[in-house]
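*Asks:* Please read through the structure below; I'll follow up with questions.
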Amino acid sequence: MSNWFLLRSRRWTVLTILLTCLTMFFVGSIPAMADDTISIGVILPITGREGKPGQYQKEGVDLAIKKINDGGGISVKGKKYLLKEVFYDDGSDSAKSATLTERAMSSDNVTAVIGGYSTALGEAEAVMPDRHQTPWITPGAGATSIFSHGYQYVFGTLSPIVLLGSTTAEFLGNLVDQGKLKKGLKIAMALENTDHGIDYGNGIEQWIQQHPGYFTVVFKEKFELGNTDFSGLLQKVKSARADIFLSDAHLQDYITMHRQYLQSGMHHQMISYGARGPESDARKALGDGTNYIFAGIWWSKSLSYPQVQRFINDYKQFTGHEPDSWYPATAYDSVRMLAAAISEAGSTDKAKIRDALRKVVLKDSLLPGAVLKFGSNGQVNYPFLIVQNQPGGKVEIVYPKNGATAAPIAPTP
Amino acid sequence: MTLEDFLDPLISALLLAGIYAAMSMGMTIIYGVMKIVNLAHAGFMMLGAYFAYELFQRFHIDPLLGAVLALPVFFLFGMGVHWLLVRWLPKSDQPTLASLLLMFGFWLVLQNVAYLIWKNEDRSITTSYTLSSIHLGPFYISKVHLFVFVAAVISIVVLQIALKRSWFGRSMRALIQNPYAAQIVGVDDRKTAMLTFGLGTAFTGFAGALLAMLYSFSPDFGRPFLLRSFVIIVLGGLESFSGVAIGALILALVENYSILIPHVEASYQPAISYGLLVVVLLFLPKGIAGLLERKWRAG
């Protein structure tokens, strides 16, 4: 009797284990859609060196999710599903960023991930989507290298950094054509030692090669991110006796470098820190020292589209402050693109969402051009805006002319 | 290369040498008497920076005054750390593994407490004179760098006078020269050690407050300066206060002029500094002070 009991008990145990495994296998392959919700992972830094821009991007994501959910959610084959955010703070650490992305895609089994502010963190996260066959959209990493590996599940709402560089040079060339700057000026470049910096430098040099006679690069050197002391580098920039100083830096490095630039009494006819310039943190730290700096950015609140004004009002109501530079806008549209793709796919199957992302067009995008579509490599390609800090705390769009809100001030007084 | 290209780095090096000497003095004081390599040096500098920052933000106290106020506060703090932790270390004529581990662990504690309080955002102190400079011909001298340099030099001079003229200073120097003989003549080594640790911490906190005027900082602040302090005290001679000043000047000059070498990028500057450390350890293990002492004795 006891043997029979043991045998039967063992059979039930094996059967239970087998059923559990089968359940986990099937449930695991279907993205989380319990309780009429669709889970999306959000991996952004809200602490660490990139904490400030990361926080702004998270606010953009949170606002987009709130708007979608307030409108009833995403429609999938006639049924509405609310978006549920699974958020992880990667603390501006690349290794942690990659691990958390993997966790979201595997253990949390999210339908898609929005993540990767800054090229370094984006590059770390970008290896996971194809591995776990989960769509990933980065609202904050624009280096071409991320989109040149042939990844199928990788998308980004930032235009390429190479285009940022060439637009910067094009803007300066336009100033020469207007007579505001002389032809043949010398450029000194200090670039962050990342793919972002390399792309920026390449973009500038490509434009210069295609337009001989406009500018000459007399100094070009890389620096490490997170440096506390740029005095040596700035000493070399000073010795180069250039007319224009172009740097590509993250927010904290921009603030540190420009502080030391001002302290050393340096002056150039035009100065830019790549995509950094109008940030309120820089204004707080450096005051009028940021005047006349120009930047190539992916979005400005000065764009005249009606959807931009609506976004700004919603954002202010949601966060209590104005959008700082471009950060929240690309994140906001990333979520909207994803929502549109899920709706288009009519399914939460990740491969179908991936295919839908390749085709979806956002016709009321906040971003320049007002129409957003991913390219064949997953990256968007809308034009950059050049903005300039002008006296009185103003940040004006100065290029392209058809969207400009003020004339550029050049050369720097 | 023009004269301006040559003199500009020289001015920068001199200004930098002052603050380098001030930040390394604390480490030299502690090592000289107690033979402890204070790896928490970076943590004390970081706390000094935040001390000046909080006084500036909350009470609008100028960071130069904040640095001076840091001296007594960190003196007491250092004595407290000594009483709580350091006095339990076994005495030795050489740095011990226990002391290295203790101070490293304490540094990590300080860092993580700072993360909890201030998070990991970079902070900076911007006064009315932070961005302004003095114009002397073709040269621009940053006011804040000049003020920091003057404060650092005054503090070193005052320290030197105090060490020469006070009973505590003589006790310290006696312990550095020969701890056993010092005890025989009546130097209370425990009390002197506690006061020494307090003094070393005070100087480090003071230096951290000065550095906060020049650089932005986070709880990770102090790490590159800790490594530079090592280079300076090894270069100068581990137990020599005047050697620290010489070592600071040599390091500042090497850092500023090395980048003028063609094809040497500014990002190589730290490698050059630490390369200097290796060279000194190999060829001048007693540092510049040891070399000068040998020459003086031979002469």
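Chain lettering (A, B, ...) mirrors the order of the structure tokens, residue numbering begins at 1 for each chain separately, and ligand numbering begins at 1 in order of display.
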Which residues of segment 100-148 of chain B have any atom within 12 Å of an atom in segment 226-242 of chain A when counting only C-alpha atoms, and what is the closest pair of atoms for each, with the distance in Å to one decimal? Order the rows by chain and rising number and write it as a Markdown table.
*Replies:*
```
| residue | atom | partner | partner_atom | distance |
| --- | --- | --- | --- | --- |
| B:Asp122 | CA | A:Gly226 | CA | 10.2 |
| B:Arg123 | CA | A:Thr228 | CA | 11.7 |
| B:Ser124 | CA | A:Thr228 | CA | 11.2 |
| B:Pro138 | CA | A:Lys238 | CA | 11.8 |
| B:Phe139 | CA | A:Lys238 | CA | 11.4 |
| B:Tyr140 | CA | A:Lys238 | CA | 11.6 |
| B:Ser142 | CA | A:Ser231 | CA | 11.5 |
| B:His145 | CA | A:Ser231 | CA | 11.7 |
```
*Asks:* Each residue of chain B with at least one atom at most 9 Å from chain A should appear once, together with its nearest atom pair and the corresponding distance in Å (one decimal); atoms considered: only C-alpha atoms; ordering: chain, then increasing residue number; output as a Markdown table.
*Replies:*
```
| residue | atom | partner | partner_atom | distance |
| --- | --- | --- | --- | --- |
| B:Met1 | CA | A:Ser239 | CA | 8.7 |
| B:Glu4 | CA | A:Ser239 | CA | 8.9 |
| B:Asp5 | CA | A:Ser239 | CA | 6.4 |
| B:Asp8 | CA | A:Gln235 | CA | 8.1 |
| B:Pro9 | CA | A:Gln235 | CA | 7.5 |
| B:Ser12 | CA | A:Ser231 | CA | 8.5 |
| B:Lys119 | CA | A:Thr47 | CA | 7.2 |
| B:Asn120 | CA | A:Gly48 | CA | 4.9 |
| B:Glu121 | CA | A:Gly48 | CA | 6.0 |
| B:Asp122 | CA | A:Arg49 | CA | 7.0 |
| B:Ser124 | CA | A:Ala285 | CA | 7.3 |
| B:Ile125 | CA | A:Ala285 | CA | 7.9 |
| B:Thr126 | CA | A:Ala285 | CA | 6.3 |
| B:Thr130 | CA | A:Gln263 | CA | 7.4 |
| B:Leu131 | CA | A:Gln263 | CA | 5.0 |
| B:Ser132 | CA | A:Gln263 | CA | 5.9 |
| B:Ser133 | CA | A:Gln263 | CA | 5.8 |
| B:Ile134 | CA | A:Gly265 | CA | 8.7 |
| B:His135 | CA | A:Gly265 | CA | 8.2 |
| B:Phe139 | CA | A:Gly265 | CA | 8.3 |
| B:Tyr140 | CA | A:Gly265 | CA | 5.6 |
| B:Ile141 | CA | A:Ser264 | CA | 6.5 |
| B:Ser142 | CA | A:Gln263 | CA | 5.0 |
| B:Lys143 | CA | A:Gln263 | CA | 7.8 |
| B:Val144 | CA | A:Gln263 | CA | 8.3 |
| B:His145 | CA | A:Gln263 | CA | 8.7 |
| B:Leu214 | CA | A:Gln260 | CA | 8.5 |
| B:Tyr215 | CA | A:Thr228 | CA | 6.0 |
| B:Ser216 | CA | A:Thr256 | CA | 6.8 |
| B:Phe217 | CA | A:Thr228 | CA | 8.0 |
| B:Phe221 | CA | A:Thr228 | CA | 9.0 |
| B:Pro224 | CA | A:Thr228 | CA | 8.8 |
| B:Glu255 | CA | A:Gly232 | CA | 7.9 |
| B:Asn256 | CA | A:Gly232 | CA | 6.3 |
| B:Tyr257 | CA | A:Gly232 | CA | 8.8 |
| B:Ile259 | CA | A:Gly232 | CA | 6.8 |
| B:Leu260 | CA | A:Lys236 | CA | 7.3 |
| B:Glu265 | CA | A:Glu221 | CA | 6.7 |
| B:Ala266 | CA | A:Leu233 | CA | 5.1 |
| B:Ser267 | CA | A:Phe223 | CA | 5.5 |
| B:Gln269 | CA | A:Gly232 | CA | 8.0 |
```
*Asks:* Report the distance between atom CA of Ala207 of chain B and atom CA of Ala22 of chain B in Å, rounded to one decimal place.
*Replies:*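 Between atom CA of Ala207 of chain B and atom CA of Ala22 of chain B the gap is 5.9 Å.
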*Asks:* Excluding same-chain residues fewer than 4 positions from segment 357-362 of chain A, what lies within 8 Å of it counting only C-alpha atoms, as number ranges by chain?
*Replies:* A: 336-338, 340-341, 344, 353, 371-376, 378
*Asks:* With distances taken over only C-alpha atoms, which residue among B:Ile61, B:Ser24, B:Lys286, B:Val68 lies nearest Ile154 of chain B?
*Replies:*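 Among B:Ile61, B:Ser24, B:Lys286, B:Val68, it is B:Val68 that comes nearest to Ile154 of chain B.
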*Asks:* Please run DSSP on the backbone and report, as a VMD selection string, all residues within segment 66-250 of chain B that come out as helix (DSSP H, G or I).
*Replies:* chain B and resid 66 to 84 86 to 88 97 to 118 143 to 165 167 to 177 179 to 184 189 to 214 223 to 236 241 to 250
*Asks:* Which residue out of B:Gly43, B:Gly18, B:Pro95, B:Gly198 has the minimum interatomic distance to Ala152 of chain B when only C-alpha atoms are used?
*Replies:*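 Counting only C-alpha atoms, the residue closest to Ala152 of chain B is B:Gly18.
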*Asks:* For Leu276 of chain B, list every protein, DNA or RNA residue within 10 Å, evaluated using only C-alpha atoms, and leave out those in the same chain fewer than 3 positions away; present the list as a ChimeraX atom specification.
*Replies:* /B:231-232,234-235,250-251,254,270-273,279-282
*Asks:* Near segment 156-163 of chain A, counting only C-alpha atoms, which residues have an atom at most 8 Å away, once you skip same-chain residues fewer than 3 positions from it, shown as a VMD selection string?
*Replies:* chain A and resid 137 to 144 166 to 167 196 199 to 204 298 330 to 331 333 to 334 374 378 to 384
*Asks:* Just the selected residues (N, CA and C atoms), exported as a PDB file, in the first residue's frame, please.
*Replies:*
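Contents of the output file out19.pdb:
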```pdb
ATOM      1  N   ILE A 137      13.674  50.859 -28.915  1.00  0.00           N
ATOM      2  CA  ILE A 137      13.740  52.177 -29.528  1.00  0.00           C
ATOM      3  C   ILE A 137      14.545  53.083 -28.612  1.00  0.00           C
ATOM      4  N   THR A 138      15.585  53.706 -29.142  1.00  0.00           N
ATOM      5  CA  THR A 138      16.366  54.636 -28.335  1.00  0.00           C
ATOM      6  C   THR A 138      15.993  56.061 -28.683  1.00  0.00           C
ATOM      7  N   PRO A 139      15.614  56.844 -27.656  1.00  0.00           N
ATOM      8  CA  PRO A 139      15.300  58.256 -27.900  1.00  0.00           C
ATOM      9  C   PRO A 139      16.503  59.161 -27.638  1.00  0.00           C
ATOM     10  N   GLY A 140      17.671  58.530 -27.282  1.00  0.00           N
ATOM     11  CA  GLY A 140      18.780  59.371 -26.839  1.00  0.00           C
ATOM     12  C   GLY A 140      20.143  58.961 -27.349  1.00  0.00           C
ATOM     13  N   ALA A 141      20.217  58.035 -28.299  1.00  0.00           N
ATOM     14  CA  ALA A 141      21.518  57.613 -28.826  1.00  0.00           C
ATOM     15  C   ALA A 141      21.475  57.716 -30.340  1.00  0.00           C
ATOM     16  N   GLY A 142      22.389  58.528 -30.895  1.00  0.00           N
ATOM     17  CA  GLY A 142      22.296  58.784 -32.331  1.00  0.00           C
ATOM     18  C   GLY A 142      23.511  58.368 -33.139  1.00  0.00           C
ATOM     19  N   ALA A 143      24.489  57.724 -32.505  1.00  0.00           N
ATOM     20  CA  ALA A 143      25.695  57.367 -33.255  1.00  0.00           C
ATOM     21  C   ALA A 143      25.367  56.340 -34.331  1.00  0.00           C
ATOM     22  N   THR A 144      25.957  56.537 -35.506  1.00  0.00           N
ATOM     23  CA  THR A 144      25.695  55.649 -36.653  1.00  0.00           C
ATOM     24  C   THR A 144      26.083  54.214 -36.342  1.00  0.00           C
ATOM     25  N   SER A 166      27.518  67.803 -39.981  1.00  0.00           N
ATOM     26  CA  SER A 166      27.458  68.478 -41.284  1.00  0.00           C
ATOM     27  C   SER A 166      26.494  69.664 -41.248  1.00  0.00           C
ATOM     28  N   THR A 167      25.447  69.574 -40.447  1.00  0.00           N
ATOM     29  CA  THR A 167      24.532  70.713 -40.323  1.00  0.00           C
ATOM     30  C   THR A 167      25.227  71.880 -39.618  1.00  0.00           C
ATOM     31  N   HIS A 196      29.990  58.955 -30.806  1.00  0.00           N
ATOM     32  CA  HIS A 196      29.258  60.222 -30.954  1.00  0.00           C
ATOM     33  C   HIS A 196      30.226  61.318 -31.410  1.00  0.00           C
ATOM     34  N   ASP A 199      31.631  60.645 -34.971  1.00  0.00           N
ATOM     35  CA  ASP A 199      30.635  60.957 -36.004  1.00  0.00           C
ATOM     36  C   ASP A 199      30.512  62.467 -36.200  1.00  0.00           C
ATOM     37  N   TYR A 200      30.504  63.192 -35.088  1.00  0.00           N
ATOM     38  CA  TYR A 200      30.364  64.661 -35.163  1.00  0.00           C
ATOM     39  C   TYR A 200      31.532  65.253 -35.950  1.00  0.00           C
ATOM     40  N   GLY A 201      32.731  64.838 -35.602  1.00  0.00           N
ATOM     41  CA  GLY A 201      33.916  65.323 -36.305  1.00  0.00           C
ATOM     42  C   GLY A 201      33.890  64.950 -37.784  1.00  0.00           C
ATOM     43  N   ASN A 202      33.480  63.728 -38.070  1.00  0.00           N
ATOM     44  CA  ASN A 202      33.410  63.279 -39.468  1.00  0.00           C
ATOM     45  C   ASN A 202      32.417  64.111 -40.263  1.00  0.00           C
ATOM     46  N   GLY A 203      31.281  64.407 -39.648  1.00  0.00           N
ATOM     47  CA  GLY A 203      30.258  65.199 -40.330  1.00  0.00           C
ATOM     48  C   GLY A 203      30.782  66.578 -40.712  1.00  0.00           C
ATOM     49  N   ILE A 204      31.504  67.190 -39.791  1.00  0.00           N
ATOM     50  CA  ILE A 204      32.065  68.520 -40.061  1.00  0.00           C
ATOM     51  C   ILE A 204      33.107  68.438 -41.171  1.00  0.00           C
ATOM     52  N   TRP A 298      17.837  68.223 -31.746  1.00  0.00           N
ATOM     53  CA  TRP A 298      16.856  67.398 -32.425  1.00  0.00           C
ATOM     54  C   TRP A 298      15.437  67.944 -32.322  1.00  0.00           C
ATOM     55  N   THR A 330      11.935  63.636 -28.090  1.00  0.00           N
ATOM     56  CA  THR A 330      12.258  62.401 -28.830  1.00  0.00           C
ATOM     57  C   THR A 330      11.752  61.182 -28.065  1.00  0.00           C
ATOM     58  N   ALA A 331      11.767  61.276 -26.742  1.00  0.00           N
ATOM     59  CA  ALA A 331      11.273  60.161 -25.924  1.00  0.00           C
ATOM     60  C   ALA A 331       9.756  60.025 -26.084  1.00  0.00           C
ATOM     61  N   ASP A 333       7.893  60.927 -28.641  1.00  0.00           N
ATOM     62  CA  ASP A 333       7.545  60.369 -29.952  1.00  0.00           C
ATOM     63  C   ASP A 333       7.977  58.918 -30.093  1.00  0.00           C
ATOM     64  N   SER A 334       8.968  58.487 -29.340  1.00  0.00           N
ATOM     65  CA  SER A 334       9.366  57.069 -29.372  1.00  0.00           C
ATOM     66  C   SER A 334       8.200  56.201 -28.911  1.00  0.00           C
ATOM     67  N   PHE A 374      10.998  55.522 -39.520  1.00  0.00           N
ATOM     68  CA  PHE A 374      12.318  54.893 -39.364  1.00  0.00           C
ATOM     69  C   PHE A 374      12.878  54.532 -40.726  1.00  0.00           C
ATOM     70  N   GLY A 378      16.791  51.438 -39.311  1.00  0.00           N
ATOM     71  CA  GLY A 378      16.127  51.642 -38.027  1.00  0.00           C
ATOM     72  C   GLY A 378      16.248  53.045 -37.473  1.00  0.00           C
ATOM     73  N   GLN A 379      17.082  53.872 -38.113  1.00  0.00           N
ATOM     74  CA  GLN A 379      17.294  55.220 -37.592  1.00  0.00           C
ATOM     75  C   GLN A 379      16.501  56.227 -38.411  1.00  0.00           C
ATOM     76  N   VAL A 380      15.991  57.252 -37.724  1.00  0.00           N
ATOM     77  CA  VAL A 380      15.274  58.309 -38.429  1.00  0.00           C
ATOM     78  C   VAL A 380      16.283  59.247 -39.084  1.00  0.00           C
ATOM     79  N   ASN A 381      15.774  60.155 -39.906  1.00  0.00           N
ATOM     80  CA  ASN A 381      16.693  61.053 -40.608  1.00  0.00           C
ATOM     81  C   ASN A 381      16.052  62.407 -40.875  1.00  0.00           C
ATOM     82  N   TYR A 382      15.542  63.058 -39.846  1.00  0.00           N
ATOM     83  CA  TYR A 382      14.951  64.383 -40.017  1.00  0.00           C
ATOM     84  C   TYR A 382      16.027  65.444 -39.797  1.00  0.00           C
ATOM     85  N   PRO A 383      15.777  66.654 -40.292  1.00  0.00           N
ATOM     86  CA  PRO A 383      16.822  67.683 -40.202  1.00  0.00           C
ATOM     87  C   PRO A 383      17.037  68.189 -38.778  1.00  0.00           C
ATOM     88  N   PHE A 384      18.249  68.665 -38.536  1.00  0.00           N
ATOM     89  CA  PHE A 384      18.579  69.284 -37.263  1.00  0.00           C
ATOM     90  C   PHE A 384      18.169  70.756 -37.258  1.00  0.00           C
TER      91      PHE A 384
END
```
*Asks:* Can you list, as a list in words, every protein, DNA or RNA residue that comes within 8 Å of Trp107 of chain B when you count only C-alpha atoms, leaving out same-chain residues fewer than 6 positions away?
*Replies:* Leu39, Ala40, His41, Ala42 and Gly43 of chain B
*Asks:* Could you write out, as a list of chain:residue names, all the residues of segment 81-173 of chain A that DSSP marks as strand (DSSP E)?
*Replies:* A:Tyr81, A:Leu82, A:Leu83, A:Lys84, A:Glu85, A:Val86, A:Phe87, A:Tyr88, A:Asp89, A:Ala112, A:Val113, A:Ile114, A:Gly115, A:Trp136, A:Ile137, A:Thr138, A:Val154, A:Phe155, A:Gly156
*Asks:* Give me the residues within 12 Å of Val157 of chain B as an MDAnalysis selection string, counting only C-alpha atoms and dropping any in the same chain fewer than 3 places off.
*Replies:* chainID B and resid 18 21:22 25 150:154 160:164 241:242 245
*Asks:* Export N, CA and C atoms of the chosen residues as an mmCIF file, in the first residue's frame?
*Replies:*
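The resulting file, result_12.cif, is reproduced below:
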```cif
data_model
loop_
_atom_site.group_PDB
_atom_site.id
_atom_site.type_symbol
_atom_site.label_atom_id
_atom_site.label_comp_id
_atom_site.auth_asym_id
_atom_site.auth_seq_id
_atom_site.Cartn_x
_atom_site.Cartn_y
_atom_site.Cartn_z
ATOM 1 N N GLY B 18 50.357 75.102 -6.231
ATOM 2 C CA GLY B 18 49.928 75.518 -4.889
ATOM 3 C C GLY B 18 48.838 74.613 -4.345
ATOM 4 N N ALA B 21 50.064 71.064 -3.692
ATOM 5 C CA ALA B 21 50.829 70.937 -2.450
ATOM 6 C C ALA B 21 49.889 70.892 -1.252
ATOM 7 N N ALA B 22 48.878 71.764 -1.260
ATOM 8 C CA ALA B 22 47.936 71.789 -0.133
ATOM 9 C C ALA B 22 47.199 70.466 -0.011
ATOM 10 N N MET B 25 49.565 67.693 1.391
ATOM 11 C CA MET B 25 50.174 67.905 2.709
ATOM 12 C C MET B 25 49.516 67.013 3.750
ATOM 13 N N VAL B 150 46.685 81.442 -3.573
ATOM 14 C CA VAL B 150 47.129 82.252 -2.429
ATOM 15 C C VAL B 150 46.718 81.579 -1.115
ATOM 16 N N ALA B 151 45.485 81.091 -1.077
ATOM 17 C CA ALA B 151 44.998 80.419 0.146
ATOM 18 C C ALA B 151 45.839 79.186 0.443
ATOM 19 N N ALA B 152 46.154 78.440 -0.602
ATOM 20 C CA ALA B 152 46.940 77.217 -0.408
ATOM 21 C C ALA B 152 48.340 77.553 0.105
ATOM 22 N N VAL B 153 48.964 78.546 -0.500
ATOM 23 C CA VAL B 153 50.333 78.902 -0.090
ATOM 24 C C VAL B 153 50.352 79.424 1.349
ATOM 25 N N ILE B 154 49.389 80.265 1.686
ATOM 26 C CA ILE B 154 49.324 80.786 3.070
ATOM 27 C C ILE B 154 49.178 79.638 4.056
ATOM 28 N N GLN B 160 54.003 75.269 8.205
ATOM 29 C CA GLN B 160 55.441 75.134 8.404
ATOM 30 C C GLN B 160 55.892 75.878 9.653
ATOM 31 N N ILE B 161 55.358 77.079 9.840
ATOM 32 C CA ILE B 161 55.713 77.862 11.037
ATOM 33 C C ILE B 161 55.250 77.133 12.293
ATOM 34 N N ALA B 162 54.034 76.625 12.238
ATOM 35 C CA ALA B 162 53.469 75.924 13.402
ATOM 36 C C ALA B 162 54.279 74.675 13.720
ATOM 37 N N LEU B 163 54.690 73.952 12.684
ATOM 38 C CA LEU B 163 55.440 72.718 12.921
ATOM 39 C C LEU B 163 56.817 73.019 13.512
ATOM 40 N N LYS B 164 57.368 74.173 13.159
ATOM 41 C CA LYS B 164 58.717 74.509 13.655
ATOM 42 C C LYS B 164 58.654 75.049 15.080
ATOM 43 N N PHE B 241 58.011 67.630 4.177
ATOM 44 C CA PHE B 241 57.016 68.643 3.859
ATOM 45 C C PHE B 241 57.508 69.563 2.748
ATOM 46 N N SER B 242 58.791 69.916 2.795
ATOM 47 C CA SER B 242 59.300 70.762 1.706
ATOM 48 C C SER B 242 59.346 69.964 0.416
ATOM 49 N N ALA B 245 56.158 70.303 -1.572
ATOM 50 C CA ALA B 245 56.065 71.512 -2.392
ATOM 51 C C ALA B 245 56.842 71.326 -3.696
#
```
*Asks:* With only C-alpha atoms as the basis for distance, which of A:Ile208, A:Val42, A:Val218, A:Ala345 is at the shortest distance from Glu125 of chain A?
*Replies:*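 Nearest candidate to Glu125 of chain A out of A:Ile208, A:Val42, A:Val218, A:Ala345: A:Val42.
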*Asks:* Can you tell me how far atom CA of Thr348 of chain A sits from atom CA of Val335 of chain A, in Å to one decimal?
*Replies:*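 Spanning atom CA of Thr348 of chain A to atom CA of Val335 of chain A is a straight-line distance of 14.8 Å.
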